[in-house]
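Here is the file data.csv (CSV, C-alpha atoms).
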chain,number,residue,atom,x,y,z
A,640,MET,CA,16.4,18.9,56.2
A,641,THR,CA,13.4,20.8,57.7
A,642,ARG,CA,10.1,21.5,56.0
A,643,THR,CA,11.1,25.2,55.4
A,644,GLU,CA,14.5,24.2,53.9
A,645,PHE,CA,12.8,21.7,51.6
A,646,LEU,CA,10.2,24.2,50.4
A,647,THR,CA,12.7,27.0,49.9
A,648,LYS,CA,14.9,24.8,47.7
A,649,LEU,CA,11.8,23.6,45.8
A,650,LYS,CA,10.6,27.1,45.2
A,651,ALA,CA,14.1,28.2,44.1
A,652,GLY,CA,14.2,25.4,41.6
A,653,LEU,CA,10.7,26.3,40.2
A,654,SER,CA,11.4,30.1,40.1
A,655,ASP,CA,10.9,30.5,36.3
A,656,LEU,CA,7.4,29.0,36.3
A,657,PRO,CA,4.3,31.2,36.6
A,658,ALA,CA,3.5,32.2,40.2
A,659,SER,CA,0.2,30.2,40.1
A,660,ALA,CA,1.9,27.0,39.0
A,661,ILE,CA,4.5,27.4,41.8
A,662,ALA,CA,1.8,28.0,44.4
A,663,ASP,CA,-0.1,24.8,43.2
A,664,ILE,CA,3.0,22.7,43.4
A,665,VAL,CA,4.2,24.1,46.8
A,666,ALA,CA,0.7,23.5,48.2
A,667,ASP,CA,1.0,19.8,47.2
A,668,TYR,CA,4.2,19.4,49.2
A,669,GLU,CA,2.9,21.5,52.1
A,670,THR,CA,0.0,19.2,52.3
A,671,HIS,CA,2.4,16.2,52.2
A,672,PHE,CA,4.3,17.6,55.2
A,673,ALA,CA,1.0,18.2,57.1
A,674,ASP,CA,-0.2,14.7,56.3
A,675,GLY,CA,3.1,13.3,57.4
A,676,ALA,CA,3.0,15.2,60.7
A,677,ALA,CA,-0.6,13.9,61.2
A,678,ALA,CA,0.8,10.4,60.7
A,679,GLY,CA,3.4,11.1,63.5
A,680,ARG,CA,6.5,11.6,61.3
A,681,THR,CA,9.0,14.3,61.8
A,682,GLU,CA,9.8,16.9,59.2
A,683,ALA,CA,13.2,15.4,58.6
A,684,GLU,CA,11.7,12.0,58.0
A,685,VAL,CA,9.1,13.4,55.5
A,686,ALA,CA,11.8,15.4,53.7
A,687,GLN,CA,14.0,12.3,53.5
A,688,ALA,CA,11.2,10.2,52.0
A,689,LEU,CA,10.3,12.9,49.5
A,690,GLY,CA,13.8,13.1,48.0
A,691,ASP,CA,16.0,15.8,46.6
A,692,PRO,CA,13.8,19.0,46.2
A,693,GLU,CA,16.1,20.3,43.4
A,694,ARG,CA,15.7,17.2,41.4
A,695,LEU,CA,11.9,17.2,42.0
A,696,ALA,CA,11.8,20.8,40.8
A,697,ARG,CA,13.6,19.9,37.6
A,698,GLU,CA,11.1,17.1,36.9
A,699,LEU,CA,8.1,19.4,37.7
A,700,ARG,CA,9.5,22.1,35.5
A,701,THR,CA,10.0,19.7,32.6
A,702,GLU,CA,6.4,18.5,33.1
A,703,ALA,CA,5.2,22.1,33.0
A,704,GLY,CA,7.3,22.9,29.9
A,705,MET,CA,6.0,19.9,28.0
A,706,LYS,CA,2.4,20.7,29.0
A,707,ARG,CA,2.9,24.3,27.6
A,708,TRP,CA,4.2,22.8,24.4
A,709,GLU,CA,1.2,20.5,24.1
A,710,ASP,CA,-1.2,23.3,24.8
A,711,SER,CA,0.2,25.8,22.4
A,712,LYS,CA,2.7,25.1,19.6
A,713,THR,CA,4.6,28.5,19.6
A,714,PRO,CA,8.3,29.0,19.1
A,715,SER,CA,8.7,30.1,22.7
A,716,SER,CA,7.0,27.1,24.1
A,717,ALA,CA,9.1,24.9,21.9
A,718,VAL,CA,12.3,26.5,23.3
A,719,THR,CA,10.9,26.1,26.8
A,720,ALA,CA,10.1,22.4,26.3
A,721,VAL,CA,13.5,21.7,24.7
A,722,PHE,CA,15.4,23.5,27.5
A,723,ALA,CA,13.4,21.9,30.2
A,724,VAL,CA,14.1,18.5,28.8
A,725,ILE,CA,17.8,19.4,28.6
A,726,GLY,CA,17.7,20.6,32.2
A,727,LEU,CA,16.3,17.3,33.3
A,728,GLY,CA,19.3,15.6,31.9
A,729,ALA,CA,16.9,13.2,30.1
A,730,LEU,CA,18.8,13.8,26.8
A,731,ASP,CA,22.3,12.7,26.6
A,732,ILE,CA,23.6,16.1,25.6
A,733,LEU,CA,27.0,15.1,24.3
A,734,VAL,CA,25.5,12.5,22.0
A,735,LEU,CA,22.5,14.3,20.9
A,736,LEU,CA,23.6,18.0,20.8
A,737,PRO,CA,25.4,17.7,17.4
A,738,ILE,CA,22.4,16.0,15.8
A,739,VAL,CA,19.9,18.4,17.3
A,740,MET,CA,22.1,21.4,16.3
A,741,ALA,CA,22.4,20.1,12.8
A,742,ILE,CA,18.7,19.6,12.4
A,743,ALA,CA,17.7,22.8,14.1
A,744,GLY,CA,20.3,24.7,11.9
A,745,THR,CA,18.9,23.1,8.8
A,746,LEU,CA,15.4,24.1,9.8
A,747,VAL,CA,16.4,27.7,10.6
A,748,GLY,CA,18.2,27.8,7.2
A,749,PHE,CA,15.2,26.6,5.3
A,750,PHE,CA,13.0,29.1,7.1
A,751,PHE,CA,15.2,32.1,6.4
A,752,GLY,CA,15.7,30.8,2.9
A,753,ALA,CA,12.0,30.8,2.4
A,754,VAL,CA,11.7,34.3,3.8
A,755,GLY,CA,14.5,35.5,1.5
A,756,ALA,CA,12.8,33.8,-1.5
A,757,PHE,CA,9.5,35.4,-0.6
A,758,ILE,CA,11.1,38.9,-0.5
A,759,GLY,CA,12.9,38.1,-3.8
A,760,GLY,CA,9.7,37.0,-5.4
A,761,GLY,CA,8.0,40.2,-4.2
A,762,ALA,CA,10.7,42.3,-5.6
A,763,LEU,CA,10.6,40.5,-8.9
A,764,PHE,CA,6.8,40.9,-9.0
A,765,ALA,CA,7.0,44.6,-8.2
A,766,ALA,CA,10.1,45.8,-10.0
A,767,GLY,CA,10.6,43.2,-12.7
A,768,PRO,CA,8.2,44.7,-15.3
A,769,PHE,CA,10.2,47.9,-15.2
A,770,MET,CA,13.6,46.4,-15.5
A,771,GLY,CA,13.3,45.1,-19.0
A,772,LEU,CA,14.2,41.5,-18.0
A,773,PRO,CA,14.1,38.9,-20.8
A,774,GLY,CA,10.7,37.4,-21.2
A,775,GLY,CA,8.8,40.6,-20.7
A,776,ALA,CA,6.6,42.0,-17.9
A,777,ALA,CA,4.3,39.0,-17.8
A,778,ALA,CA,7.1,36.6,-17.1
A,779,SER,CA,8.4,38.8,-14.3
A,780,LEU,CA,4.9,39.0,-12.7
A,781,LEU,CA,4.2,35.3,-13.0
A,782,GLY,CA,7.7,34.3,-11.9
A,783,GLY,CA,7.5,36.6,-8.9
A,784,LEU,CA,4.2,35.2,-7.8
A,785,GLY,CA,5.5,31.6,-8.3
A,786,LEU,CA,8.5,32.3,-6.3
A,787,MET,CA,6.4,33.8,-3.4
A,788,ALA,CA,4.0,30.8,-3.5
A,789,ALA,CA,6.9,28.3,-3.5
A,790,SER,CA,8.6,30.1,-0.5
A,791,VAL,CA,5.3,30.0,1.5
A,792,THR,CA,5.1,26.3,0.8
A,793,VAL,CA,8.7,25.7,2.0
A,794,ALA,CA,8.0,27.8,5.1
A,795,ALA,CA,4.9,25.8,6.0
A,796,LEU,CA,6.7,22.5,5.5
A,797,THR,CA,9.5,23.8,7.7
A,798,ALA,CA,7.1,24.7,10.4
A,799,ALA,CA,5.5,21.2,10.2
A,800,VAL,CA,8.8,19.5,10.4
A,801,THR,CA,9.9,21.6,13.3
A,802,ILE,CA,6.7,20.7,15.3
A,803,TRP,CA,7.3,17.1,14.5
A,804,PHE,CA,10.9,17.4,15.6
A,805,VAL,CA,10.1,19.0,19.0
A,806,ASN,CA,7.3,16.4,19.5
A,807,GLY,CA,10.0,13.8,18.9
A,808,ILE,CA,12.3,15.3,21.5
A,809,VAL,CA,9.5,15.5,24.1
A,810,TRP,CA,8.5,11.9,23.3
A,811,TYR,CA,12.0,10.7,23.7
A,812,ALA,CA,12.4,12.6,27.0
A,813,ARG,CA,9.3,11.1,28.4
A,814,LEU,CA,10.5,7.6,27.5
A,815,HIS,CA,13.6,8.3,29.5
A,816,TYR,CA,11.9,10.2,32.2
A,817,ARG,CA,13.8,9.6,35.4
A,818,LEU,CA,11.2,9.3,38.1
A,819,LEU,CA,13.3,7.4,40.6
A,820,LYS,CA,16.3,8.9,42.1
A,821,PRO,CA,18.5,5.8,42.0
A,822,ALA,CA,18.0,5.7,38.3
A,823,LEU,CA,19.5,9.1,38.1
A,824,ASN,CA,22.6,8.0,40.1
A,825,VAL,CA,23.1,4.8,38.2
A,826,GLN,CA,22.8,6.3,34.8
A,827,SER,CA,25.0,9.3,35.5
A,828,ALA,CA,27.7,7.2,37.2
B,1138,MET,CA,21.9,1.1,46.0
B,1139,PRO,CA,19.5,-1.3,44.2
B,1140,GLU,CA,20.4,-3.1,41.1
B,1141,PRO,CA,19.7,-1.4,37.8
B,1142,ILE,CA,17.2,-4.1,36.8
B,1143,ASP,CA,15.2,-3.2,39.9
B,1144,ILE,CA,15.1,0.5,39.0
B,1145,GLN,CA,14.2,-0.1,35.4
B,1146,LEU,CA,11.3,-2.4,36.4
B,1147,LYS,CA,9.9,0.0,39.0
B,1148,LYS,CA,10.3,3.0,36.6
B,1149,GLY,CA,8.3,1.1,34.0
B,1150,VAL,CA,5.6,-0.1,36.3
B,1151,LEU,CA,5.0,2.9,38.5
B,1152,GLY,CA,2.3,4.5,36.4
B,1153,LEU,CA,0.5,1.1,36.3
B,1154,CYS,CA,0.7,0.9,40.1
B,1155,VAL,CA,-0.9,4.4,40.5
B,1156,LEU,CA,-3.7,3.4,38.1
B,1157,ALA,CA,-4.3,0.2,40.1
B,1158,VAL,CA,-4.3,2.0,43.4
B,1159,LEU,CA,-6.8,4.6,42.1
B,1160,ALA,CA,-9.0,1.9,40.6
B,1161,ARG,CA,-9.5,0.4,44.0
B,1162,ARG,CA,-10.3,3.7,45.6
B,1163,GLU,CA,-10.2,7.4,44.7
B,1164,ASN,CA,-7.4,8.8,46.9
B,1165,TYR,CA,-5.2,11.7,47.7
B,1166,ALA,CA,-1.5,12.0,47.0
B,1167,TYR,CA,-0.1,11.3,50.4
B,1168,GLU,CA,-2.0,8.0,50.7
B,1169,ILE,CA,-1.0,7.0,47.1
B,1170,ALA,CA,2.6,7.8,48.0
B,1171,SER,CA,2.5,5.9,51.3
B,1172,LEU,CA,1.0,2.8,49.6
B,1173,LEU,CA,3.5,2.8,46.8
B,1174,SER,CA,6.6,3.6,48.8
B,1175,GLY,CA,5.6,0.7,51.2
B,1176,ALA,CA,4.8,-1.7,48.4
B,1177,ILE,CA,7.5,-1.0,45.8
B,1178,GLY,CA,10.0,1.3,47.6
B,1179,MET,CA,9.4,4.4,45.4
B,1180,GLY,CA,10.5,7.8,46.5
B,1181,GLU,CA,7.5,9.6,47.9
B,1182,GLY,CA,8.3,12.9,46.3
B,1183,THR,CA,8.1,11.4,42.8
B,1184,ILE,CA,4.4,10.9,43.1
B,1185,TYR,CA,3.7,14.6,42.4
B,1186,PRO,CA,5.5,14.9,39.1
B,1187,LEU,CA,4.0,11.6,38.1
B,1188,MET,CA,0.4,12.7,39.1
B,1189,ARG,CA,0.9,15.9,37.1
B,1190,ARG,CA,2.1,14.0,34.1
B,1191,MET,CA,-0.9,11.6,34.3
B,1192,GLN,CA,-3.2,14.5,34.6
B,1193,THR,CA,-1.6,16.1,31.5
B,1194,ASP,CA,-2.1,12.8,29.7
B,1195,GLY,CA,-5.8,12.7,30.7
B,1196,LEU,CA,-5.5,9.5,32.7
B,1197,VAL,CA,-6.5,11.0,36.1
B,1198,GLU,CA,-8.5,14.0,37.2
B,1199,THR,CA,-8.7,15.9,40.5
B,1200,TYR,CA,-11.5,17.2,42.6
B,1201,LEU,CA,-11.5,18.9,46.0
B,1202,VAL,CA,-13.2,17.4,49.1
B,1203,GLU,CA,-14.1,19.7,52.0
B,1204,SER,CA,-12.3,18.6,55.2
B,1205,SER,CA,-13.6,19.1,58.7
B,1206,SER,CA,-10.1,20.0,59.8
B,1207,GLY,CA,-7.9,22.3,57.7
B,1208,PRO,CA,-8.1,23.1,54.0
B,1209,SER,CA,-10.0,21.0,51.5
B,1210,ARG,CA,-8.1,18.0,50.1
B,1211,LYS,CA,-7.3,17.2,46.5
B,1212,TYR,CA,-8.4,13.7,45.5
B,1213,TYR,CA,-7.5,11.9,42.3
B,1214,ARG,CA,-9.7,9.6,40.3
B,1215,LEU,CA,-9.3,7.7,37.0
B,1216,THR,CA,-10.8,9.1,33.8
B,1217,PRO,CA,-12.3,6.7,31.3
B,1218,ALA,CA,-9.0,6.9,29.5
B,1219,GLY,CA,-7.3,6.0,32.7
B,1220,HIS,CA,-9.5,2.9,33.1
B,1221,GLN,CA,-8.6,1.8,29.6
B,1222,ALA,CA,-4.9,2.4,30.2
B,1223,LEU,CA,-5.1,0.3,33.4
B,1224,LYS,CA,-6.8,-2.5,31.5
B,1225,ALA,CA,-4.3,-2.5,28.6
B,1226,GLN,CA,-1.2,-2.1,30.9
B,1227,SER,CA,-2.3,-4.8,33.4
B,1228,ASP,CA,-2.9,-7.3,30.6
B,1229,GLU,CA,0.6,-6.5,29.2
B,1230,TRP,CA,2.1,-6.8,32.7
B,1231,ARG,CA,0.5,-10.2,33.4
B,1232,GLY,CA,1.6,-11.6,30.1
B,1233,PHE,CA,5.1,-10.3,30.6
B,1234,ALA,CA,5.2,-11.6,34.2
B,1235,ARG,CA,3.9,-15.0,33.1
B,1236,ALA,CA,6.5,-15.3,30.4
B,1237,VAL,CA,9.4,-14.4,32.8
B,1238,ASP,CA,8.1,-16.8,35.5
B,1239,ALA,CA,8.0,-19.6,32.9
B,1240,LEU,CA,11.6,-18.8,32.0
B,1241,LEU,CA,12.7,-18.8,35.7
B,1242,GLU,CA,11.2,-22.2,36.3
B,1243,PRO,CA,13.7,-25.1,36.2
B,1244,ILE,CA,13.1,-27.3,33.2
B,1245,ALA,CA,11.3,-30.6,34.2
B,1246,GLU,CA,13.0,-33.0,31.8
B,1247,PRO,CA,16.8,-32.7,31.4
B,1248,ALA,CA,17.0,-31.8,27.8
B,1249,GLU,CA,20.5,-30.5,28.0
B,1250,PRO,CA,22.0,-29.7,24.6
B,1251,GLN,CA,25.2,-31.6,23.9
B,1252,PRO,CA,28.2,-29.3,23.7
B,1253,VAL,CA,29.3,-29.0,20.1
B,1254,ASN,CA,33.0,-29.0,19.3
B,1255,GLU,CA,33.7,-25.7,17.7
B,1256,ALA,CA,36.3,-25.4,15.0
Any chance you could put this one into structure tokens?
Amino acid sequence: MTRTEFLTKLKAGLSDLPASAIADIVADYETHFADGAAAGRTEAEVAQALGDPERLARELRTEAGMKRWEDSKTPSSAVTAVFAVIGLGALDILVLLPIVMAIAGTLVGFFFGAVGAFIGGGALFAAGPFMGLPGGAAASLLGGLGLMAASVTVAALTAAVTIWFVNGIVWYARLHYRLLKPALNVQSA
Amino acid sequence: MPEPIDIQLKKGVLGLCVLAVLARRENYAYEIASLLSGAIGMGEGTIYPLMRRMQTDGLVETYLVESSSGPSRKYYRLTPAGHQALKAQSDEWRGFARAVDALLEPIAEPAEPQPVNEA
């Protein structure tokens, strides 16, 4: 493989990263080729020693995804981190997917349940006093407020558990990070 | 293809090796990769994901050095956290290596357990 082929494959594998991040990474490998040439090695030798550019791109993308998650805990960075980890093949999908799906589904369910309860509480608070519900207007007002407060609590707890859950996945992936190519071959064989 | 035990060992100890190399001398990635691929047979390309990860974890930091020929070069050095990690991990490694070495030594006195007849 020539230097150009290697860098093209690497860039293709990194294409969903921000342009500045790609430029940083590509500069590292360009320097590596230049240093190799200075040490009297051919492009093919350097590329051979570097390893598979597509696999390197996957690892670098995972690293970037995890960093984004650590920097900002947003839903989109959580999705990026989880998918980057899956792309790395660091999680055994067949074993873990049902578990992950179940937990993620439960969390989503709790979240929407909380949203629904909040809206319900709001409706009870606003409309209850005029509907002649048993217990009178005060009960409707207090009940509506209580329901809204409870739903906010549930939503906050759900968010905390979700962050903890994604952290757990990232931690697990790092533990199983495949930095050496032979490791990848052996474990997938 | 190397044996799995070989891979698992190298995988676990690669970060420690980078910390040790950088503790000797602040260095740039090509040199680190050359040293490690020579010493423990690591793929050179893996140094870059590893350095990024160590940077994310706050173990190393980078700085640029002007070069007389060509563009300035990116050097890596250990942070205080990196020095601490090196200390902790090398202690762990030495203890582990000592324990394994002791197990690999043939036993001096023949204290062979007698085989027990199993029912």
Could you tell me how far atom CA of Val805 of chain A sits from atom CA of Gly704 of chain A, in Å to one decimal place?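 Atom CA of Val805 of chain A lies at a distance of 11.9 Å from atom CA of Gly704 of chain A.
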Residue hits in chain B, query chain A, radius 7 Å, all atoms listed in the file, as a list in words: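 The answer, sorted by residue number, is Ile1144, Lys1148, Tyr1167, Met1179, Gly1180, Glu1181, Gly1182, Thr1183, Pro1186, Arg1190 and Thr1193 of chain B.
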Counting all atoms listed in the file, which residue out of A:Ala683, A:Ala778, A:Ala795, A:Leu736 sits closest to Thr641 of chain A?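 Closest to Thr641 of chain A, using all atoms listed in the file: A:Ala683.
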Nearest to Arg1189 of chain B: which of A:Asp663, A:Ala723, A:Leu763, A:Phe749 is it, counting only C-alpha atoms? A:Asp663
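Taking atom CA of Glu693 of chain A and atom CA of Lys650 of chain A as the two end points, the separation is 8.9 Å.
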As lines of an AutoDock Vina configuration file, please report the centre and edge lengths, rounded to one decimal in Å, of the axis-aligned box that holds all listed atoms of segment 683-696 of chain A with 5 Å of padding on each of the six sides.
center_x = 12.6
center_y = 15.5
center_z = 49.7
size_x = 17.0
size_y = 20.6
size_z = 27.8
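Atom CA of Pro1217 of chain B to atom CA of Trp810 of chain A spans 22.9 Å [interatomic distance, one decimal].
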